[in-house]
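Pasting protein-v6.tsv here (TSV, C-alpha atoms):
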chain	number	residue	atom	x	y	z
W	1	MET	CA	104.62	60.64	100.92
W	2	LYS	CA	101.31	58.86	100.47
W	3	LYS	CA	98.33	60.98	99.37
W	4	PHE	CA	94.76	59.68	99.36
W	5	PHE	CA	91.12	60.46	99.99
W	6	TYR	CA	89.05	58.80	102.70
W	7	ARG	CA	85.25	58.68	102.99
W	8	VAL	CA	84.18	59.01	106.62
W	9	LYS	CA	82.27	55.98	107.88
W	10	GLU	CA	79.75	55.66	110.71
W	11	GLY	CA	81.57	55.80	114.03
W	12	ASP	CA	84.67	57.59	112.67
W	13	THR	CA	85.88	60.59	114.62
W	14	LEU	CA	88.66	63.00	113.86
W	15	PHE	CA	90.58	61.53	116.80
W	16	SER	CA	90.13	57.91	115.66
W	17	LEU	CA	91.33	58.76	112.13
W	18	CYS	CA	94.37	60.59	113.54
W	19	GLU	CA	95.23	57.51	115.57
W	20	LYS	CA	94.58	55.09	112.70
W	21	TYR	CA	96.71	56.97	110.16
W	22	SER	CA	99.23	58.55	112.57
W	23	VAL	CA	98.41	62.04	111.33
W	24	PRO	CA	98.20	65.08	113.64
W	25	GLN	CA	94.69	66.45	114.02
W	26	THR	CA	95.91	69.92	113.07
W	27	GLU	CA	97.13	68.54	109.74
W	28	ILE	CA	93.76	66.96	108.85
W	29	VAL	CA	91.93	70.15	109.83
W	30	LYS	CA	94.32	72.30	107.78
W	31	LEU	CA	94.37	70.09	104.66
W	32	ASN	CA	90.58	69.84	104.60
W	33	GLY	CA	89.64	73.32	105.84
W	34	LEU	CA	87.49	71.82	108.59
W	35	LYS	CA	85.42	74.21	110.68
W	36	GLN	CA	83.40	71.55	112.49
W	37	GLU	CA	83.49	67.88	113.44
W	38	ILE	CA	83.44	65.36	110.61
W	39	SER	CA	80.27	63.52	109.57
W	40	GLU	CA	79.54	60.20	107.90
W	41	GLY	CA	79.98	60.58	104.14
W	42	ASP	CA	82.50	63.43	104.32
W	43	VAL	CA	85.54	62.95	102.09
W	44	LEU	CA	88.87	63.85	103.69
W	45	TYR	CA	92.24	64.33	102.04
W	46	PHE	CA	95.30	62.81	103.75
W	47	GLU	CA	99.03	63.18	103.27
W	48	ILE	CA	101.07	60.63	105.18
W	49	VAL	CA	104.81	61.02	105.46
W	50	ASP	CA	106.67	57.72	105.15
W	51	SER	CA	108.71	58.08	108.31
W	52	PRO	CA	109.02	56.29	111.62
W	53	VAL	CA	106.27	57.01	114.11
W	54	TYR	CA	107.16	57.72	117.72
W	55	ARG	CA	104.80	56.52	120.46
W	56	VAL	CA	104.81	58.71	123.58
W	57	ASP	CA	106.22	56.95	126.64
W	58	VAL	CA	105.12	57.40	130.25
W	59	CYS	CA	107.81	59.94	131.21
W	60	ASP	CA	107.87	61.92	127.95
W	61	THR	CA	107.17	65.64	128.01
W	62	VAL	CA	107.00	68.23	125.25
W	63	ARG	CA	110.39	69.51	126.40
W	64	SER	CA	112.04	66.06	126.58
W	65	LEU	CA	110.86	65.14	123.06
W	66	SER	CA	111.93	68.53	121.76
W	67	GLU	CA	115.42	67.88	123.08
W	68	LYS	CA	115.45	64.22	122.01
W	69	PHE	CA	114.57	65.00	118.37
W	70	ASN	CA	116.26	68.41	118.28
W	71	VAL	CA	113.12	70.29	117.24
W	72	PRO	CA	111.29	73.28	118.77
W	73	GLU	CA	108.70	72.57	121.47
W	74	GLU	CA	106.04	74.19	119.27
W	75	TYR	CA	106.77	71.59	116.57
W	76	VAL	CA	106.21	68.76	119.06
W	77	LYS	CA	102.88	70.31	120.09
W	78	GLU	CA	101.87	70.79	116.45
W	79	GLN	CA	102.65	67.17	115.57
W	80	ALA	CA	100.80	65.93	118.65
W	81	GLY	CA	97.81	68.14	117.84
W	82	SER	CA	97.80	69.29	121.46
W	83	ASP	CA	99.76	71.17	124.10
W	84	TYR	CA	99.68	68.00	126.21
W	85	LEU	CA	101.10	64.55	125.62
W	86	PHE	CA	99.69	61.31	126.89
W	87	TYR	CA	101.01	57.77	126.99
W	88	GLY	CA	100.54	55.95	123.69
W	89	LEU	CA	100.03	59.05	121.54
W	90	LYS	CA	101.71	58.67	118.14
Reformat the file's structure so that it appears as structure tokens.
Amino acid sequence: MKKFFYRVKEGDTLFSLCEKYSVPQTEIVKLNGLKQEISEGDVLYFEIVDSPVYRVDVCDTVRSLSEKFNVPEEYVKEQAGSDYLFYGLK
């Protein structure tokens, strides 16, 4: 597991950082105790698990990924940071 700090730059959003580092939004919010959107200059703590990243395909659903990876549907939602999946989500 990689652990590091990141200083938010102009133009960064929580979503863009989640995409860039393949970390669920809920994880960043939880690790950093965020109550609001991030701002330039904020320092965020990241923990990145060294594991393969799955990119959501066109026909994937929460249920199909739950069955594919043999995990609860709630876990899929938690990792996605949303109740909904969209094509290309990591």
Can you tell me which residues surround region 53-59 of chain W at a distance of at most 6 Å, considering all atoms listed in the file, apart from same-chain residues fewer than 2 positions away, and format the answer as a PyMOL selection string? chain W and resi 87-90
CA of Phe5 (chain W) to CA of Thr26 (chain W), straight-line distance in Å: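 The value is 16.8 Å.
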Mind checking which residues fall within 12 Å of Asp12 (chain W), counting all atoms listed in the file, ignoring those fewer than 6 positions away in the same chain, and posting them as a ChimeraX atom specification? /W:6,18-20,37-44
Straight-line distance linking CA of Lys9 (chain W) with CA of Leu85 (chain W), stated in Å to one decimal: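 Separation between CA of Lys9 (chain W) and CA of Leu85 (chain W): 27.3 Å.
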The residue from W:Thr13, W:Ser66, W:Gln25, W:Asn32 with the smallest atom-to-atom distance to Ala80 (chain W), counting all atoms listed in the file, is W:Gln25
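Between Tyr21 (chain W) and the candidates W:Phe86, W:Glu67, W:Lys3, W:Asp60, the tightest atom-to-atom separation, counting all atoms listed in the file, involves W:Lys3.
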Select, from W:Pro24, W:Ile48, W:Leu17, W:Phe4, the residue with the minimum atom-to-atom distance to Ser82 (chain W), counting all atoms listed in the file.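 Smallest distance to Ser82 (chain W) is found for W:Pro24.
As for CA of Val29 (chain W) and CA of Phe15 (chain W), they are spaced 11.2 Å apart.
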Return as AutoDock Vina command-line options the centre and edge lengths, in Å with one decimal, of the box along x, y and z that encloses every atom of region 53-66 of chain W in the file, padded by 8 Å per side.
--center_x 108.4 --center_y 63.0 --center_z 122.7 --size_x 23.2 --size_y 29.0 --size_z 33.1
